[in-house]
Amino acid sequence: MTQTSLRQTATPQNSPQLIPALNPQFLPKHVAIIMDGNGRWATRRNMPRTIGHSQGARTLKDLLRCCSDWGIDALTVYAFSTENWQRPLDEVNFLMMLFERMLQQELAEMHIKGVKINFLGDLTALPVTLNKLVKQAIELTQHNRGIQFNVAINYGGRADITKACQAISQAVQRGTMQVKDITEESIEQHLCTRGQPAPDLMIRTSGEMRLSNFLLWELAYTEMYFTDTLWVDFDKQELQKALAVYQQRKRRFGRL
Ligand code: FPP
């Protein structure tokens, strides 16, 4: 995975709703988001946490459209971590049902808009019906040329790196790979994000300032943006604020 510079592809004509303060030439190519705070959003309104997740799904739908309209190449969202299985069963079941429902309702429209969908994580542990929908969505949209939309479900950065180490060790054991061939590039080839550029900007909502096992390898030189705004309230204006902060950053990738 090669880190991208601020060389960008967005053009003024495909970003009609961008505020003038943003330079469409210097948008991040790849935005990654930890969509946090759904539970708190609902609890503060005396509603069940699941309502927060449903509202969060609407926010995601809106922001995917914005990113696509503005010419951002890729959006990666953390929908369910390997640790989230430890939540109450009702909430886990609701989230799985929500992912399924969103796919059923939105897939056709996303396909028409050229969205290319991918899923990150160990999908074998997902309910059979969701797993089937996930595979259908990947297959249906694989040749699309619009925004790359990565949904991390049952994803953990450590688990992904561990799996890569296992696959590489097996290749060395079989003799199809030599120790000297273990490089950053070959490790990247074994991660579930293989072939995709690293995120330029990582956003986490709800005031928490940690990575929570999200894209641990891929975020090495990513710009971080943390906001107190809860995910449900993270609207187009909030995203533009994050993009404006990103455009103020000087990216050096360890150089001077
Ligand atoms: C974190 O908030 C959020 C999640 C674990 C679920 C994210 C899911 C969505 C936004 C639904 C839409 C996703 C797709 C792919 C359709 P939290 O529950 O940890 O909030 P809290 O920290 O306030 O408890």
# chains A, B, ... in the order shown; residues from 1 in each chain; ligands from 1
$ residues_near_ligand --ligand "ligand 1" --cutoff "8 Å" --atoms "only C-alpha atoms and all ligand atoms" --output "JSON, numbers by chain"
{"A": [34, 35, 36, 37, 38, 39, 40, 41, 42, 49, 52, 53, 54, 55, 56, 57, 58, 59, 60, 61, 77, 78, 79, 80, 81, 84, 95, 98, 99, 100, 101, 102, 103, 151, 152, 153, 206, 230, 231, 232]}
$ write_last_selection --atoms "N, CA, C and O atoms" --output "short mmCIF file (atom, residue, chain, number, x, y, z; two decimals), in the first residue's frame"
data_model
loop_
_atom_site.label_atom_id
_atom_site.label_comp_id
_atom_site.auth_asym_id
_atom_site.auth_seq_id
_atom_site.Cartn_x
_atom_site.Cartn_y
_atom_site.Cartn_z
N ILE A 34 -14.43 6.17 12.12
CA ILE A 34 -14.96 5.39 13.25
C ILE A 34 -16.25 6.09 13.66
O ILE A 34 -16.23 7.19 14.22
N MET A 35 -17.37 5.43 13.36
CA MET A 35 -18.69 6.06 13.55
C MET A 35 -19.15 5.82 14.98
O MET A 35 -19.91 4.92 15.25
N ASP A 36 -18.68 6.65 15.90
CA ASP A 36 -18.90 6.37 17.32
C ASP A 36 -19.95 7.31 17.92
O ASP A 36 -20.07 8.46 17.51
N GLY A 37 -20.66 6.78 18.92
CA GLY A 37 -21.58 7.63 19.71
C GLY A 37 -23.06 7.39 19.44
O GLY A 37 -23.89 8.13 19.96
N ASN A 38 -23.39 6.36 18.69
CA ASN A 38 -24.81 6.08 18.40
C ASN A 38 -25.59 5.79 19.67
O ASN A 38 -26.71 6.26 19.85
N GLY A 39 -24.99 4.98 20.54
CA GLY A 39 -25.66 4.59 21.79
C GLY A 39 -25.93 5.82 22.64
O GLY A 39 -27.05 6.01 23.14
N ARG A 40 -24.91 6.66 22.79
CA ARG A 40 -25.09 7.87 23.62
C ARG A 40 -26.13 8.81 23.02
O ARG A 40 -26.92 9.42 23.72
N TRP A 41 -26.13 8.91 21.70
CA TRP A 41 -27.11 9.78 21.04
C TRP A 41 -28.53 9.35 21.42
O TRP A 41 -29.38 10.19 21.75
N ALA A 42 -28.76 8.05 21.42
CA ALA A 42 -30.10 7.53 21.73
C ALA A 42 -30.40 7.66 23.23
O ALA A 42 -31.48 8.13 23.62
N ARG A 49 -30.76 2.11 22.45
CA ARG A 49 -29.51 2.32 21.70
C ARG A 49 -29.67 1.97 20.21
O ARG A 49 -29.04 2.57 19.35
N GLY A 52 -30.31 4.68 17.90
CA GLY A 52 -29.09 5.42 17.54
C GLY A 52 -28.40 4.79 16.35
O GLY A 52 -27.92 5.48 15.45
N HIS A 53 -28.37 3.45 16.32
CA HIS A 53 -27.72 2.78 15.18
C HIS A 53 -28.51 3.01 13.89
O HIS A 53 -27.92 3.23 12.83
N SER A 54 -29.84 2.96 13.98
CA SER A 54 -30.66 3.20 12.78
C SER A 54 -30.41 4.61 12.25
O SER A 54 -30.26 4.82 11.04
N GLN A 55 -30.37 5.57 13.17
CA GLN A 55 -30.11 6.96 12.73
C GLN A 55 -28.70 7.08 12.17
O GLN A 55 -28.46 7.81 11.22
N GLY A 56 -27.79 6.33 12.78
CA GLY A 56 -26.40 6.35 12.31
C GLY A 56 -26.29 5.83 10.88
O GLY A 56 -25.46 6.30 10.10
N ALA A 57 -27.12 4.86 10.57
CA ALA A 57 -27.11 4.33 9.20
C ALA A 57 -27.56 5.41 8.21
O ALA A 57 -27.04 5.50 7.09
N ARG A 58 -28.51 6.24 8.63
CA ARG A 58 -28.97 7.34 7.74
C ARG A 58 -27.84 8.35 7.52
O ARG A 58 -27.63 8.84 6.41
N THR A 59 -27.12 8.63 8.60
CA THR A 59 -25.98 9.56 8.48
C THR A 59 -24.97 9.01 7.48
O THR A 59 -24.47 9.74 6.61
N LEU A 60 -24.71 7.71 7.60
CA LEU A 60 -23.73 7.09 6.71
C LEU A 60 -24.18 7.21 5.25
O LEU A 60 -23.38 7.54 4.36
N LYS A 61 -25.46 6.96 5.02
CA LYS A 61 -25.99 7.03 3.66
C LYS A 61 -25.77 8.45 3.09
O LYS A 61 -25.30 8.61 1.96
N VAL A 77 -15.55 2.62 6.48
CA VAL A 77 -16.21 2.85 7.77
C VAL A 77 -16.11 1.61 8.66
O VAL A 77 -16.13 0.48 8.18
N TYR A 78 -16.00 1.88 9.96
CA TYR A 78 -15.90 0.81 10.96
C TYR A 78 -17.30 0.55 11.48
O TYR A 78 -17.83 1.30 12.29
N ALA A 79 -17.91 -0.51 11.00
CA ALA A 79 -19.30 -0.78 11.36
C ALA A 79 -19.43 -1.74 12.53
O ALA A 79 -20.38 -1.67 13.31
N PHE A 80 -18.46 -2.67 12.64
CA PHE A 80 -18.56 -3.69 13.70
C PHE A 80 -17.18 -4.29 13.91
O PHE A 80 -16.58 -4.84 12.98
N SER A 81 -16.69 -4.18 15.14
CA SER A 81 -15.33 -4.69 15.40
C SER A 81 -15.38 -6.13 15.91
O SER A 81 -16.45 -6.62 16.31
N ASN A 84 -16.95 -6.16 19.18
CA ASN A 84 -18.37 -5.80 19.34
C ASN A 84 -19.28 -7.02 19.58
O ASN A 84 -20.42 -6.86 20.01
N LEU A 95 -27.80 -5.06 15.03
CA LEU A 95 -26.82 -4.51 14.08
C LEU A 95 -26.70 -5.39 12.83
O LEU A 95 -26.67 -4.88 11.71
N LEU A 98 -29.60 -4.72 10.76
CA LEU A 98 -29.51 -3.39 10.15
C LEU A 98 -28.57 -3.43 8.92
O LEU A 98 -28.88 -2.84 7.88
N PHE A 99 -27.44 -4.12 9.05
CA PHE A 99 -26.52 -4.22 7.91
C PHE A 99 -27.24 -4.89 6.73
O PHE A 99 -27.12 -4.45 5.58
N GLU A 100 -27.99 -5.94 7.07
CA GLU A 100 -28.72 -6.66 6.03
C GLU A 100 -29.74 -5.76 5.36
O GLU A 100 -29.84 -5.69 4.13
N ARG A 101 -30.51 -5.07 6.20
CA ARG A 101 -31.57 -4.20 5.68
C ARG A 101 -30.99 -3.10 4.80
O ARG A 101 -31.51 -2.79 3.73
N MET A 102 -29.90 -2.50 5.26
CA MET A 102 -29.27 -1.42 4.48
C MET A 102 -28.82 -1.93 3.12
O MET A 102 -28.98 -1.26 2.10
N LEU A 103 -28.23 -3.13 3.13
CA LEU A 103 -27.76 -3.69 1.86
C LEU A 103 -28.94 -3.95 0.92
O LEU A 103 -28.89 -3.63 -0.26
N VAL A 151 -16.72 -1.41 3.99
CA VAL A 151 -17.41 -1.53 5.27
C VAL A 151 -16.68 -2.59 6.10
O VAL A 151 -16.59 -3.75 5.68
N ALA A 152 -16.16 -2.15 7.24
CA ALA A 152 -15.45 -3.10 8.11
C ALA A 152 -16.44 -3.74 9.07
O ALA A 152 -17.04 -3.06 9.92
N ILE A 153 -16.66 -5.03 8.90
CA ILE A 153 -17.59 -5.77 9.77
C ILE A 153 -16.84 -6.99 10.31
O ILE A 153 -16.23 -7.73 9.54
N SER A 206 -17.57 11.50 18.49
CA SER A 206 -18.04 11.27 19.87
C SER A 206 -17.03 11.54 20.97
O SER A 206 -17.27 11.17 22.12
N LEU A 230 -21.43 13.55 17.98
CA LEU A 230 -21.80 12.13 17.90
C LEU A 230 -22.06 11.77 16.45
O LEU A 230 -22.45 12.63 15.65
N TRP A 231 -21.89 10.50 16.10
CA TRP A 231 -21.98 10.09 14.69
C TRP A 231 -23.31 10.52 14.05
O TRP A 231 -23.34 11.04 12.94
N VAL A 232 -24.40 10.32 14.76
CA VAL A 232 -25.72 10.64 14.18
C VAL A 232 -25.77 12.12 13.76
O VAL A 232 -26.41 12.47 12.76
#
$ select_by_dssp --residues "segment 44-245 of chain A" --states "helix (DSSP H, G or I)" --output "PyMOL selection string"
chain A and resi 49-69+84-86+89-112+123-125+128-141+157-174+179-181+184-189+231-233+236-245
$ select_by_dssp --residues "segment 20-105 of chain A" --states "strand (DSSP E or B)" --output "list in words"
His30, Val31, Ala32, Ile33, Ile34, Ala74, Leu75, Thr76, Val77, Tyr78, Ala79, Phe80 and Ser81 of chain A
$ closest_atom_pairs --of "segment 80-159 of chain A" --to "segment 182-193 of chain A" --cutoff "9 Å" --atoms "only C-alpha atoms" --output "CSV"
residue,atom,partner,partner_atom,distance
A:Phe119,CA,A:Cys192,CA,8.6
A:Leu120,CA,A:Cys192,CA,5.9
A:Gly121,CA,A:Cys192,CA,6.9
A:Asn150,CA,A:Thr193,CA,8.9
$ write_last_selection --atoms "all heavy atoms" --output "PDB file, in the first residue's frame"
ATOM      1  N   PHE A 119     -15.954  -5.343   1.640  1.00  0.00           N
ATOM      2  CA  PHE A 119     -16.095  -5.550   3.087  1.00  0.00           C
ATOM      3  C   PHE A 119     -14.758  -5.978   3.654  1.00  0.00           C
ATOM      4  O   PHE A 119     -14.038  -6.770   3.037  1.00  0.00           O
ATOM      5  CB  PHE A 119     -17.173  -6.605   3.364  1.00  0.00           C
ATOM      6  CG  PHE A 119     -18.545  -6.100   3.024  1.00  0.00           C
ATOM      7  CD1 PHE A 119     -19.013  -6.160   1.712  1.00  0.00           C
ATOM      8  CD2 PHE A 119     -19.356  -5.519   3.992  1.00  0.00           C
ATOM      9  CE1 PHE A 119     -20.264  -5.664   1.381  1.00  0.00           C
ATOM     10  CE2 PHE A 119     -20.607  -5.020   3.663  1.00  0.00           C
ATOM     11  CZ  PHE A 119     -21.067  -5.096   2.352  1.00  0.00           C
ATOM     12  N   LEU A 120     -14.407  -5.426   4.804  1.00  0.00           N
ATOM     13  CA  LEU A 120     -13.144  -5.770   5.463  1.00  0.00           C
ATOM     14  C   LEU A 120     -13.466  -6.573   6.716  1.00  0.00           C
ATOM     15  O   LEU A 120     -14.409  -6.229   7.427  1.00  0.00           O
ATOM     16  CB  LEU A 120     -12.383  -4.500   5.871  1.00  0.00           C
ATOM     17  CG  LEU A 120     -12.177  -3.412   4.806  1.00  0.00           C
ATOM     18  CD1 LEU A 120     -11.466  -2.207   5.424  1.00  0.00           C
ATOM     19  CD2 LEU A 120     -11.384  -3.963   3.626  1.00  0.00           C
ATOM     20  N   GLY A 121     -12.681  -7.593   6.983  1.00  0.00           N
ATOM     21  CA  GLY A 121     -12.892  -8.367   8.195  1.00  0.00           C
ATOM     22  C   GLY A 121     -13.170  -9.819   7.882  1.00  0.00           C
ATOM     23  O   GLY A 121     -13.239 -10.224   6.721  1.00  0.00           O
ATOM     24  N   ASN A 150     -15.754   0.845   1.559  1.00  0.00           N
ATOM     25  CA  ASN A 150     -15.329  -0.314   2.355  1.00  0.00           C
ATOM     26  C   ASN A 150     -16.055  -0.322   3.693  1.00  0.00           C
ATOM     27  O   ASN A 150     -15.982   0.660   4.436  1.00  0.00           O
ATOM     28  CB  ASN A 150     -13.830  -0.248   2.651  1.00  0.00           C
ATOM     29  CG  ASN A 150     -12.994  -0.204   1.390  1.00  0.00           C
ATOM     30  OD1 ASN A 150     -13.163  -1.030   0.501  1.00  0.00           O
ATOM     31  ND2 ASN A 150     -12.093   0.772   1.315  1.00  0.00           N
TER      32      ASN A 150
END
$ atom_distance --atom1 "atom CA of Thr129 of chain A" --atom2 "atom CA of Ala167 of chain A"
28.0 Å
$ closest_residue --among "A:Glu208, A:Asp160, A:Asp200, A:Glu238" --to "Thr222 of chain A" --atoms "only C-alpha atoms"
A:Asp200
$ closest_residue --among "A:Leu219, A:Val31, A:Ala74, A:Met224" --to "Gln148 of chain A" --atoms "only C-alpha atoms"
A:Ala74
$ closest_residue --among "A:Cys66, A:Val128, A:Ala159, A:Leu75" --to "Ile19 of chain A" --atoms "only C-alpha atoms"
A:Cys66
$ decode --residues "segment 48-81 of chain A" --atoms "C-alpha atoms" --output "compact mmCIF listing (two decimals), in the first residue's frame"
# COMPACT_ATOMS: atom_id res chain seq x y z
CA PRO A 48 -33.10 2.46 22.98
CA ARG A 49 -29.51 2.32 21.70
CA THR A 50 -30.72 0.55 18.56
CA ILE A 51 -32.49 3.73 17.44
CA GLY A 52 -29.09 5.42 17.54
CA HIS A 53 -27.72 2.78 15.18
CA SER A 54 -30.66 3.20 12.78
CA GLN A 55 -30.11 6.96 12.73
CA GLY A 56 -26.40 6.35 12.31
CA ALA A 57 -27.11 4.33 9.20
CA ARG A 58 -28.97 7.34 7.74
CA THR A 59 -25.98 9.56 8.48
CA LEU A 60 -23.73 7.09 6.71
CA LYS A 61 -25.99 7.03 3.66
CA ASP A 62 -25.93 10.85 3.43
CA LEU A 63 -22.17 11.11 3.87
CA LEU A 64 -21.42 8.38 1.34
CA ARG A 65 -23.38 10.45 -1.16
CA CYS A 66 -21.42 13.62 -0.22
CA CYS A 67 -18.05 11.85 -0.55
CA SER A 68 -19.11 10.43 -3.90
CA ASP A 69 -20.39 13.80 -5.17
CA TRP A 70 -17.22 15.56 -4.07
CA GLY A 71 -14.95 13.16 -5.93
CA ILE A 72 -13.42 11.43 -2.90
CA ASP A 73 -12.08 8.10 -4.17
CA ALA A 74 -12.70 5.89 -1.15
CA LEU A 75 -14.67 5.82 2.11
CA THR A 76 -13.94 3.16 4.73
CA VAL A 77 -16.21 2.85 7.77
CA TYR A 78 -15.90 0.81 10.96
CA ALA A 79 -19.30 -0.78 11.36
CA PHE A 80 -18.56 -3.69 13.70
CA SER A 81 -15.33 -4.69 15.40
